[in-house]
>>> print(open('query-v8.txt').read())   # compact mmCIF, C-alpha atoms
# COMPACT_ATOMS: atom_id res chain seq x y z
CA MET A 1 -48.81 38.29 -18.95
CA SER A 2 -46.67 37.43 -15.92
CA ASN A 3 -43.11 36.09 -16.07
CA SER A 4 -44.22 32.64 -14.96
CA ASP A 5 -46.72 32.56 -17.83
CA ASN A 6 -43.90 33.20 -20.27
CA LEU A 7 -41.79 30.56 -18.57
CA ILE A 8 -44.57 27.97 -18.76
CA LYS A 9 -45.09 28.69 -22.46
CA LYS A 10 -41.36 28.39 -23.10
CA LEU A 11 -41.01 25.14 -21.15
CA SER A 12 -44.04 23.59 -22.87
CA ALA A 13 -42.73 24.59 -26.28
CA GLU A 14 -39.38 22.94 -25.46
CA LEU A 15 -41.04 19.69 -24.37
CA LYS A 16 -39.90 16.51 -26.10
CA PRO A 17 -40.96 12.95 -25.28
CA PHE A 18 -38.93 11.73 -22.33
CA ARG A 19 -38.36 8.37 -20.66
CA LEU A 20 -39.02 8.03 -16.96
CA VAL A 21 -36.09 6.75 -14.92
CA ARG A 22 -36.19 3.21 -13.62
CA PRO A 23 -36.49 2.56 -9.85
CA SER A 24 -33.25 3.09 -7.91
CA LEU A 25 -33.19 -0.36 -6.33
CA GLY A 26 -33.14 -2.19 -9.66
CA VAL A 27 -30.61 0.18 -11.23
CA ALA A 28 -28.34 -0.11 -8.17
CA ALA A 29 -28.48 -3.92 -8.27
CA GLN A 30 -27.75 -3.90 -11.99
CA TRP A 31 -24.87 -1.47 -11.60
CA CYS A 32 -23.37 -3.51 -8.75
CA LEU A 33 -23.55 -6.71 -10.74
CA ILE A 34 -22.08 -5.28 -13.94
CA ALA A 35 -19.41 -3.19 -12.16
CA THR A 36 -18.32 -6.12 -9.98
CA LEU A 37 -18.20 -8.59 -12.88
CA ILE A 38 -16.21 -6.25 -15.14
CA THR A 39 -13.80 -5.22 -12.35
CA ALA A 40 -13.34 -8.86 -11.33
CA LEU A 41 -12.68 -9.87 -14.93
CA VAL A 42 -10.10 -7.12 -15.44
CA THR A 43 -8.47 -7.97 -12.09
CA PHE A 44 -8.32 -11.64 -13.08
CA LEU A 45 -6.89 -10.84 -16.52
CA ILE A 46 -4.10 -8.74 -14.99
CA ALA A 47 -3.15 -11.41 -12.44
CA PRO A 48 -4.96 -14.49 -11.11
CA PHE A 49 -6.81 -14.42 -7.80
CA ARG A 50 -5.05 -15.62 -4.65
CA PRO A 51 -4.75 -19.43 -4.63
CA GLY A 52 -6.89 -21.04 -1.94
CA VAL A 53 -9.14 -18.03 -1.45
CA LEU A 54 -12.30 -20.12 -1.72
CA THR A 55 -11.08 -22.48 0.98
CA GLN A 56 -10.34 -19.50 3.22
CA LEU A 57 -13.85 -18.16 2.63
CA VAL A 58 -15.36 -21.48 3.62
CA GLU A 59 -13.07 -22.09 6.58
CA SER A 60 -13.15 -18.61 8.11
CA PRO A 61 -16.67 -17.26 8.68
CA ARG A 62 -15.24 -13.90 9.83
CA TYR A 63 -13.33 -13.51 6.57
CA ALA A 64 -16.46 -14.46 4.62
CA THR A 65 -18.44 -11.91 6.68
CA GLU A 66 -15.90 -9.17 5.83
CA ILE A 67 -16.30 -9.92 2.13
CA ALA A 68 -20.09 -10.12 2.40
CA LEU A 69 -20.25 -6.82 4.30
CA GLY A 70 -18.04 -5.21 1.64
CA ALA A 71 -20.40 -6.39 -1.09
CA LEU A 72 -23.45 -5.25 0.89
CA LEU A 73 -21.85 -1.84 1.46
CA VAL A 74 -21.28 -1.41 -2.27
CA PHE A 75 -24.90 -2.20 -3.02
CA LEU A 76 -26.25 0.08 -0.27
CA ALA A 77 -23.97 2.97 -1.25
CA ALA A 78 -25.00 2.70 -4.90
CA TRP A 79 -28.69 2.44 -3.97
CA ASN A 80 -28.36 5.39 -1.61
CA LEU A 81 -26.64 7.48 -4.27
CA LEU A 82 -29.35 6.77 -6.82
CA ALA A 83 -32.12 7.41 -4.29
CA LEU A 84 -30.44 10.68 -3.36
CA SER A 85 -30.60 11.73 -7.00
CA ILE A 86 -34.39 11.42 -7.13
CA PRO A 87 -36.56 13.94 -5.27
CA GLY A 88 -38.79 12.50 -2.59
CA GLN A 89 -37.11 9.13 -2.18
CA ASN A 90 -36.39 8.16 1.39
CA ALA A 91 -32.60 8.35 1.01
CA LYS A 92 -32.14 9.04 4.74
CA LEU A 93 -33.33 5.56 5.64
CA ILE A 94 -30.98 3.95 3.12
CA ALA A 95 -28.20 6.21 4.43
CA THR A 96 -28.82 4.81 7.90
CA TYR A 97 -28.32 1.26 6.59
CA THR A 98 -25.23 2.32 4.64
CA VAL A 99 -23.59 3.97 7.63
CA THR A 100 -24.45 1.00 9.87
CA VAL A 101 -22.86 -1.46 7.45
CA LEU A 102 -19.86 0.85 6.96
CA LEU A 103 -19.30 1.06 10.72
CA ALA A 104 -19.70 -2.72 11.08
CA LEU A 105 -17.15 -3.27 8.32
CA ILE A 106 -14.70 -0.79 9.86
CA GLY A 107 -15.13 -2.49 13.23
CA LEU A 108 -14.62 -5.95 11.77
CA GLN A 109 -11.56 -4.86 9.77
CA GLY A 110 -10.18 -3.13 12.86
CA TYR A 111 -10.62 -6.34 14.83
CA SER A 112 -8.98 -8.32 12.00
CA TYR A 113 -6.03 -5.93 12.20
CA LEU A 114 -5.44 -7.15 15.77
CA GLU A 115 -6.63 -10.73 15.24
CA PRO A 116 -6.41 -11.75 11.53
CA SER A 117 -9.52 -13.49 10.33
CA THR A 118 -7.58 -15.98 8.21
CA THR A 119 -4.00 -17.12 7.70
CA THR A 120 -1.72 -14.20 6.87
CA SER A 121 0.71 -14.84 4.05
CA MET A 122 2.22 -13.24 0.97
CA ILE A 123 0.63 -15.78 -1.36
CA GLY A 124 -1.04 -14.03 -4.29
CA LYS A 125 0.73 -10.69 -3.71
CA ARG A 126 -0.02 -8.26 -6.52
CA PRO A 127 2.75 -5.71 -7.09
CA PHE A 128 0.43 -2.86 -8.13
CA CYS A 129 -2.71 -3.51 -6.10
CA PHE A 130 -2.83 0.10 -4.81
CA TYR A 131 -2.70 1.53 -8.34
CA GLU A 132 -5.17 -1.05 -9.61
CA GLY A 133 -7.57 0.09 -6.91
CA LEU A 134 -7.06 3.72 -7.92
CA ILE A 135 -7.66 3.12 -11.62
CA TYR A 136 -10.69 0.84 -11.21
CA GLY A 137 -12.09 3.18 -8.56
CA PHE A 138 -11.74 6.16 -10.89
CA VAL A 139 -13.71 4.42 -13.66
CA LEU A 140 -16.38 3.24 -11.20
CA ILE A 141 -16.80 6.74 -9.75
CA ILE A 142 -17.27 8.18 -13.22
CA SER A 143 -19.91 5.55 -14.05
CA LEU A 144 -21.82 6.43 -10.85
CA MET A 145 -21.56 10.15 -11.55
CA VAL A 146 -23.04 9.58 -15.01
CA LEU A 147 -25.95 7.67 -13.46
CA ALA A 148 -26.53 10.42 -10.87
CA ARG A 149 -26.29 13.15 -13.50
CA ARG A 150 -29.07 11.55 -15.55
CA ARG A 151 -31.37 11.92 -12.56
CA ALA A 152 -32.07 15.06 -10.56
CA PRO A 153 -29.58 15.47 -7.71
CA PHE A 154 -29.89 18.35 -5.23
CA GLY A 155 -26.46 18.14 -3.62
CA ARG A 156 -22.95 17.16 -4.59
CA LEU A 157 -21.43 16.20 -1.25
CA GLY A 158 -23.57 13.12 -0.68
CA ILE A 159 -23.14 12.00 -4.28
CA SER A 160 -19.35 12.27 -4.10
CA ALA A 161 -19.11 10.55 -0.71
CA LEU A 162 -21.35 7.66 -1.75
CA SER A 163 -19.68 7.20 -5.14
CA GLY A 164 -16.32 7.06 -3.35
CA ILE A 165 -17.60 4.46 -0.86
CA ALA A 166 -19.19 2.31 -3.58
CA ALA A 167 -16.14 2.44 -5.85
CA VAL A 168 -13.61 1.72 -3.10
CA GLY A 169 -15.97 -0.93 -1.73
CA ILE A 170 -15.80 -2.88 -4.99
CA THR A 171 -12.06 -2.51 -5.53
CA SER A 172 -11.05 -3.24 -1.92
CA THR A 173 -13.36 -6.26 -1.64
CA LEU A 174 -11.97 -7.69 -4.86
CA MET A 175 -8.40 -6.95 -3.82
CA ASN A 176 -9.04 -8.68 -0.47
CA LEU A 177 -9.90 -11.76 -2.52
CA ALA A 178 -7.28 -11.41 -5.24
CA CYS A 179 -4.25 -10.05 -3.40
CA MET A 180 -2.29 -11.32 -0.39
CA TYR A 181 -4.01 -11.44 3.01
CA GLU A 182 -2.19 -9.36 5.59
CA PRO A 183 -4.15 -6.82 7.68
CA TYR A 184 -1.55 -4.01 7.47
CA HIS A 185 -1.27 -4.46 3.70
CA ILE A 186 -5.07 -4.38 3.42
CA PHE A 187 -5.21 -1.00 5.16
CA THR A 188 -2.29 0.59 3.34
CA HIS A 189 -2.96 -0.81 -0.14
CA HIS A 190 -6.59 -1.91 -0.47
CA PHE A 191 -8.42 0.67 1.65
CA ALA A 192 -5.98 3.57 1.25
CA PRO A 193 -7.19 4.52 -2.26
CA VAL A 194 -10.32 5.83 -0.51
CA LEU A 195 -8.42 9.04 0.34
CA PRO A 196 -7.32 10.13 -3.16
CA LEU A 197 -10.53 8.76 -4.66
CA SER A 198 -12.71 10.76 -2.25
CA ALA A 199 -10.88 13.94 -3.25
CA LEU A 200 -11.28 12.96 -6.88
CA ALA A 201 -15.00 12.23 -6.37
CA LEU A 202 -15.46 15.69 -4.86
CA PHE A 203 -13.78 17.27 -7.86
CA LEU A 204 -15.71 15.14 -10.34
CA SER A 205 -19.02 15.90 -8.67
CA ALA A 206 -18.29 19.61 -9.01
CA VAL A 207 -17.64 19.06 -12.73
CA PHE A 208 -20.29 16.44 -13.55
CA ILE A 209 -23.22 17.06 -11.25
CA ARG A 210 -25.58 19.85 -12.09
CA LYS A 211 -27.98 20.67 -9.28
CA ILE A 212 -31.57 20.96 -10.43
CA MET B 1 -44.53 28.61 16.48
CA ARG B 2 -44.14 29.49 12.82
CA LEU B 3 -40.40 28.69 13.02
CA PHE B 4 -41.11 25.39 14.75
CA SER B 5 -43.59 24.31 12.11
CA PHE B 6 -41.09 25.30 9.40
CA ILE B 7 -38.30 23.19 11.01
CA HIS B 8 -40.70 20.30 11.41
CA TRP B 9 -41.67 20.68 7.78
CA LEU B 10 -37.99 20.65 6.77
CA LEU B 11 -37.31 17.46 8.70
CA THR B 12 -40.44 15.65 7.62
CA PRO B 13 -40.12 14.06 4.22
CA GLY B 14 -43.10 14.30 1.95
CA GLU B 15 -46.08 16.56 2.30
CA PRO B 16 -45.52 19.60 4.48
CA GLN B 17 -47.39 20.29 7.69
CA THR B 18 -48.73 23.80 7.40
CA SER B 19 -49.88 25.35 10.63
CA GLY B 20 -53.48 26.39 10.65
CA SER B 21 -53.67 26.27 6.92
CA GLY B 22 -56.69 24.05 6.70
CA SER B 23 -56.86 21.91 3.63
CA SER B 24 -56.30 24.68 1.08
CA SER B 25 -52.51 24.21 0.81
CA ARG B 26 -52.60 20.40 0.88
CA LEU B 27 -52.37 18.50 -2.32
CA SER B 28 -55.61 16.59 -2.72
CA ARG B 29 -55.68 13.04 -4.06
CA GLU B 30 -57.55 14.29 -7.10
CA ASP B 31 -54.85 16.88 -7.81
CA GLU B 32 -52.14 14.25 -7.37
CA ALA B 33 -53.88 11.79 -9.69
CA ARG B 34 -54.58 14.48 -12.30
CA TRP B 35 -51.01 15.84 -12.24
CA LYS B 36 -49.59 12.34 -12.52
CA ARG B 37 -51.85 11.62 -15.49
CA ARG B 38 -50.91 14.85 -17.19
CA LEU B 39 -47.19 14.31 -16.60
CA LEU B 40 -47.45 10.80 -18.01
CA ARG B 41 -49.04 12.24 -21.14
CA ALA B 42 -46.34 14.91 -21.21
CA SER B 43 -43.73 12.15 -21.18
CA GLU B 44 -45.16 11.06 -24.54
CA GLY B 45 -44.62 14.59 -25.85
CA ASP B 46 -48.07 16.15 -25.24
CA SER B 47 -47.12 19.79 -24.71
CA LYS B 48 -50.72 20.94 -24.06
CA GLU B 49 -51.05 18.58 -21.10
CA TYR B 50 -47.63 19.70 -19.92
CA GLU B 51 -48.57 23.37 -20.12
CA GLN B 52 -51.78 22.66 -18.24
CA VAL B 53 -50.06 20.76 -15.44
CA LEU B 54 -47.45 23.51 -15.10
CA ARG B 55 -50.21 26.12 -14.88
CA GLU B 56 -52.00 24.14 -12.19
CA MET B 57 -48.76 23.73 -10.30
CA ARG B 58 -48.07 27.45 -10.64
CA ASP B 59 -51.48 28.31 -9.19
CA TYR B 60 -50.90 25.94 -6.32
CA LEU B 61 -47.36 27.22 -5.72
CA SER B 62 -48.46 30.85 -5.68
CA ILE B 63 -50.61 30.07 -2.62
CA PHE B 64 -48.08 27.73 -1.07
CA CYS B 65 -45.02 29.99 -1.45
CA LYS B 66 -46.89 32.95 0.04
CA ARG B 67 -47.14 30.99 3.27
CA HIS B 68 -43.38 30.69 3.54
CA LEU B 69 -42.02 33.76 1.79
CA TYR B 70 -42.95 37.34 2.48
CA SER B 71 -41.97 39.56 -0.39
CA PRO B 72 -43.96 39.22 -3.65
CA GLU B 73 -40.70 39.28 -5.66
CA GLN B 74 -39.41 36.30 -3.72
CA VAL B 75 -42.67 34.43 -4.21
CA GLU B 76 -42.52 35.02 -7.96
CA ASP B 77 -38.82 34.01 -8.06
CA CYS B 78 -39.55 30.90 -6.05
CA ILE B 79 -42.45 29.88 -8.31
CA GLN B 80 -40.23 30.21 -11.37
CA GLU B 81 -37.37 28.31 -9.72
CA CYS B 82 -39.79 25.53 -8.73
CA LEU B 83 -41.23 25.29 -12.25
CA LEU B 84 -37.73 25.14 -13.74
CA ALA B 85 -36.66 22.45 -11.26
CA ILE B 86 -39.83 20.45 -11.97
CA HIS B 87 -39.08 20.74 -15.68
CA ARG B 88 -35.49 19.49 -15.17
CA ALA B 89 -36.58 16.66 -12.87
CA LYS B 90 -39.75 15.65 -14.73
CA HIS B 91 -38.23 12.33 -15.87
CA THR B 92 -37.59 11.26 -12.25
CA PHE B 93 -41.18 11.11 -11.03
CA ASN B 94 -42.47 7.60 -10.45
CA PRO B 95 -46.10 7.02 -11.51
CA ASP B 96 -46.33 4.04 -9.14
CA LYS B 97 -45.45 6.11 -6.07
CA PRO B 98 -47.21 9.06 -4.40
CA PHE B 99 -46.68 12.33 -6.23
CA GLY B 100 -46.58 14.54 -3.11
CA PRO B 101 -43.13 13.59 -1.75
CA TRP B 102 -41.54 14.12 -5.18
CA PHE B 103 -43.24 17.47 -5.71
CA PHE B 104 -42.73 18.83 -2.19
CA THR B 105 -39.05 17.80 -2.05
CA ILE B 106 -38.38 19.98 -5.07
CA VAL B 107 -40.47 22.85 -3.69
CA ARG B 108 -38.86 22.57 -0.24
CA HIS B 109 -35.36 22.76 -1.71
CA LYS B 110 -36.27 25.80 -3.74
CA ILE B 111 -37.87 27.57 -0.77
CA VAL B 112 -34.75 26.84 1.30
CA ASP B 113 -32.66 28.29 -1.54
CA GLN B 114 -34.83 31.40 -1.40
CA TYR B 115 -34.30 31.66 2.36
CA ARG B 116 -30.56 31.31 1.85
CA SER B 117 -30.45 33.95 -0.86
CA LYS B 118 -32.59 36.22 1.33
CA LYS B 119 -30.24 35.65 4.28
CA LYS B 120 -27.22 36.39 2.12
CA HIS B 121 -28.95 39.51 0.80
CA ARG B 122 -29.64 40.62 4.38
CA GLU B 123 -26.02 39.99 5.39
CA ASP B 124 -24.80 42.02 2.42
CA GLU B 125 -27.19 44.81 3.37
CA ARG B 126 -26.02 44.67 6.99
CA THR B 127 -22.36 44.86 5.94
CA LEU B 128 -23.08 47.85 3.75
CA LEU B 129 -25.06 49.48 6.53
CA GLU B 130 -22.25 48.85 9.04
CA GLN B 131 -19.74 50.35 6.64
CA ASP B 132 -21.96 53.39 6.16
CA THR B 133 -22.50 53.70 9.93
CA LEU B 134 -18.75 53.53 10.55
CA LYS B 135 -18.16 56.16 7.92
CA GLY B 136 -20.90 58.28 9.49
CA ALA B 137 -19.50 57.77 12.99
CA SER B 138 -15.97 58.72 12.00
CA ALA B 139 -17.26 61.81 10.19
CA LEU B 140 -19.24 62.81 13.26
CA GLU B 141 -16.27 62.23 15.54
CA LEU B 142 -14.05 64.26 13.23
CA ASN B 143 -16.57 67.10 13.17
CA LEU B 144 -16.91 67.09 16.96
CA ALA B 145 -13.12 67.05 17.45
CA GLU B 146 -12.86 70.12 15.24
CA GLU B 147 -15.57 71.87 17.26
CA VAL B 148 -13.80 71.05 20.54
CA GLU B 149 -10.47 72.26 19.17
CA ALA B 150 -12.12 75.55 18.23
CA LEU B 151 -13.54 75.95 21.74
CA LEU B 152 -10.31 75.11 23.59
CA PRO B 153 -8.83 78.65 23.51
CA ARG B 154 -11.89 79.87 25.43
CA LEU B 155 -11.07 77.59 28.37
CA ASN B 156 -9.13 78.66 31.45
CA PRO B 157 -5.39 78.07 30.55
CA THR B 158 -4.69 75.79 33.55
CA VAL B 159 -7.58 73.42 32.89
CA ARG B 160 -7.03 73.63 29.11
CA GLU B 161 -3.50 72.18 29.33
CA ALA B 162 -4.60 69.29 31.52
CA PHE B 163 -7.43 68.54 29.11
CA ARG B 164 -5.23 68.80 26.01
CA LEU B 165 -2.56 66.47 27.43
CA THR B 166 -4.94 63.76 28.68
CA ARG B 167 -7.86 63.88 26.24
CA LEU B 168 -6.31 65.07 22.99
CA GLU B 169 -2.73 63.82 23.19
CA GLY B 170 -3.69 60.62 25.02
CA LYS B 171 -1.21 60.92 27.88
CA SER B 172 -1.89 59.21 31.20
CA ILE B 173 -2.78 61.19 34.34
CA SER B 174 0.70 60.59 35.83
CA GLU B 175 2.45 61.69 32.60
CA ALA B 176 0.31 64.83 32.47
CA ALA B 177 1.04 65.48 36.16
CA ARG B 178 4.79 65.26 35.48
CA SER B 179 4.51 67.61 32.44
CA LEU B 180 2.46 70.18 34.36
CA LYS B 181 4.48 69.66 37.57
CA ILE B 182 1.36 69.24 39.67
CA GLY B 183 -0.17 66.35 41.59
CA GLU B 184 -2.19 63.60 39.89
CA SER B 185 -5.38 64.43 41.76
CA ALA B 186 -5.02 68.05 40.70
CA VAL B 187 -4.82 66.91 37.06
CA LYS B 188 -7.99 64.85 37.52
CA VAL B 189 -9.79 67.85 39.00
CA GLN B 190 -8.66 70.11 36.14
CA VAL B 191 -9.69 67.60 33.46
CA HIS B 192 -13.08 67.30 35.15
CA ARG B 193 -13.46 71.08 35.24
CA ALA B 194 -12.39 71.38 31.60
CA GLY B 195 -15.02 68.84 30.62
CA LYS B 196 -17.65 70.73 32.55
CA GLU B 197 -16.66 74.06 30.94
CA LEU B 198 -16.56 72.50 27.48
CA ARG B 199 -20.04 71.02 27.87
CA LYS B 200 -21.30 74.46 28.83
CA LEU B 201 -19.55 76.09 25.86
CA ILE B 202 -20.85 73.45 23.43
CA ALA B 203 -24.38 73.99 24.73
CA GLU B 204 -24.00 77.75 24.25
CA GLU B 205 -22.71 77.27 20.72
CA PHE B 206 -25.59 74.92 19.94
CA ASP B 207 -28.10 77.47 21.25
CA LYS B 208 -26.49 80.21 19.16
CA ARG B 209 -26.56 78.17 15.96
CA TYR B 210 -29.94 76.46 16.24
>>> encode(input="query-v8.txt", output="structure tokens")
Amino acid sequence: MSNSDNLIKKLSAELKPFRLVRPSLGVAAQWCLIATLITALVTFLIAPFRPGVLTQLVESPRYATEIALGALLVFLAAWNLLALSIPGQNAKLIATYTVTVLLALIGLQGYSYLEPSTTTSMIGKRPFCFYEGLIYGFVLIISLMVLARRRAPFGRLGISALSGIAAVGITSTLMNLACMYEPYHIFTHHFAPVLPLSALALFLSAVFIRKI
Amino acid sequence: MRLFSFIHWLLTPGEPQTSGSGSSSRLSREDEARWKRRLLRASEGDSKEYEQVLREMRDYLSIFCKRHLYSPEQVEDCIQECLLAIHRAKHTFNPDKPFGPWFFTIVRHKIVDQYRSKKKHREDERTLLEQDTLKGASALELNLAEEVEALLPRLNPTVREAFRLTRLEGKSISEAARSLKIGESAVKVQVHRAGKELRKLIAEEFDKRY
């Protein structure tokens, strides 16, 4: 009897009923909705959102586009991560969308740095927005790693990069709504957590993610 | 051509394009449908169906892996790695989508892993071989140096000194010329003559011994 025969017998003997994973698109949408709602609720409970933010969204289409692109990026990154964790899913195509939206958002934010998209002021300033972003981001990364781990990922680098993008996407978009609007502050306090969180995501993926 | 088709296969998601393989290595629709059905039954805990589908996959993989891997050990390793990966990823297959892309993505990754491990193995072997060659070369050089040293007394004293200073002690032609108090071109001539005499002596020694 060959070694593969023994292996097949062993694997069949170990078999228990298992549940097939749900499609990535639905899970990603669900995760985005739940993660955004919980993060928004916690953010609101710690300090209220910036007064007049809704008016700014209505009055400045560029500002509204920045927020919309941020939300879209979160969804695409989460979808891409989940697709990457399932063999045979066309994750490259989703990655193309994700990178395109990421570049568009970077371009728009860069332009807003030179030409603010709405009135700059210190109204709504949150004293610990950087640390809030770090803490929420950490929890969000862990939740994504758990989702990826339940599937069958082949690589860790993509998982860690995408979990970092999705987590920072949620926190920075929410902070852009909740905290003061000032382009320099946005870069140094709302987007800056991406650096420590990316390093953390790399470490966590090495701990959490087991390649099949 | 084989390399090109392999790269193309790596870049193309889904079912691989095997060059000149005919239809024998392609997964037929019947196979796909049967494997899907069996895996669905396995998801309910039917171990007999699961064993059967793994056996069918094994038979298929044994043909498929032989096309991409050369040594029988690697083929067997790859089959086992594929079966293990399929076992770990069995809950991720989607019955509503084609089975081929899911199956071949796993197989492709495992074959690439085999290539990598083979490459690493080759590099390790090459390093060991280089180390051995270096050891061998230095031993040979040492042996030859001893032989030359032994033959030096049989050389003409004037050419021997020029040879010793330039070739054994590593002095330059001008330094040797100053030590021997002769011209630089004379040193060159003597070193050349010493080399010629030594070659003759080495050949004689070789003839005597062998």
>>> closest_residue(input="query-v8.txt", among="A:Leu82, A:Ala178, A:Glu66, A:Ser112", to="Leu45 of chain A", atoms="only C-alpha atoms")
A:Ala178
>>> axis_aligned_box(input="query-v8.txt", around="segment 138-153 of chain A", padding_each_side="6 Å", output="AutoDock Vina command-line options")
--center_x -21.9 --center_y 9.4 --center_z -11.6 --size_x 32.3 --size_y 24.2 --size_z 19.8
>>> residues_around(input="query-v8.txt", residues="segment 28-36 of chain B", least_positions_apart="4", cutoff="8 Å", atoms="only C-alpha atoms", output="list in words")
Leu40, Val53, Pro95, Pro98, Phe99 and Gly100 of chain B
>>> closest_atom_pairs(input="query-v8.txt", of="chain A", to="chain B", cutoff="10 Å", atoms="only C-alpha atoms", output="Markdown table")
| residue | atom | partner | partner_atom | distance |
| --- | --- | --- | --- | --- |
| A:Ser2 | CA | B:Glu76 | CA | 9.3 |
| A:Asn3 | CA | B:Gln80 | CA | 8.1 |
| A:Ser4 | CA | B:Gln80 | CA | 5.9 |
| A:Asp5 | CA | B:Arg55 | CA | 7.9 |
| A:Leu7 | CA | B:Gln80 | CA | 7.4 |
| A:Ile8 | CA | B:Glu51 | CA | 6.2 |
| A:Lys9 | CA | B:Glu51 | CA | 6.8 |
| A:Lys10 | CA | B:Glu51 | CA | 9.3 |
| A:Leu11 | CA | B:His87 | CA | 7.3 |
| A:Ser12 | CA | B:Ser47 | CA | 5.2 |
| A:Ala13 | CA | B:Ser47 | CA | 6.7 |
| A:Glu14 | CA | B:Ser47 | CA | 8.4 |
| A:Leu15 | CA | B:Ser47 | CA | 6.1 |
| A:Lys16 | CA | B:Gly45 | CA | 5.1 |
| A:Pro17 | CA | B:Gly45 | CA | 4.1 |
| A:Phe18 | CA | B:Ser43 | CA | 5.0 |
| A:Arg19 | CA | B:His91 | CA | 6.2 |
| A:Leu20 | CA | B:His91 | CA | 4.5 |
| A:Val21 | CA | B:Thr92 | CA | 5.5 |
| A:Arg22 | CA | B:Thr92 | CA | 8.3 |
| A:Pro23 | CA | B:Asn94 | CA | 7.8 |
| A:Ser85 | CA | B:Thr92 | CA | 8.8 |
| A:Ile86 | CA | B:Thr92 | CA | 6.0 |
| A:Pro87 | CA | B:Trp102 | CA | 5.0 |
| A:Gly88 | CA | B:Trp102 | CA | 4.1 |
| A:Gln89 | CA | B:Trp102 | CA | 7.3 |
| A:Asn90 | CA | B:Pro13 | CA | 7.5 |
| A:Ala91 | CA | B:Pro13 | CA | 10.0 |
| A:Lys92 | CA | B:Pro13 | CA | 9.4 |
| A:Arg150 | CA | B:Thr92 | CA | 9.1 |
| A:Arg151 | CA | B:Thr92 | CA | 6.3 |
| A:Ala152 | CA | B:Ala89 | CA | 5.3 |
| A:Pro153 | CA | B:Ala89 | CA | 8.8 |
| A:Phe154 | CA | B:His109 | CA | 7.9 |
| A:Lys211 | CA | B:Ala85 | CA | 9.1 |
| A:Ile212 | CA | B:Ala85 | CA | 5.4 |
>>> atom_distance(input="query-v8.txt", atom1="atom CA of Thr100 of chain A", atom2="atom CA of Leu72 of chain A")
11.0 Å
>>> atom_distance(input="query-v8.txt", atom1="atom CA of Ile34 of chain A", atom2="atom CA of Tyr63 of chain A")
23.8 Å
>>> atom_distance(input="query-v8.txt", atom1="atom CA of Ala166 of chain A", atom2="atom CA of Leu108 of chain A")
18.0 Å
>>> closest_residue(input="query-v8.txt", among="B:Ile173, B:Leu39, B:Leu69, B:Leu128", to="Arg108 of chain B", atoms="all atoms listed in the file")
B:Leu69
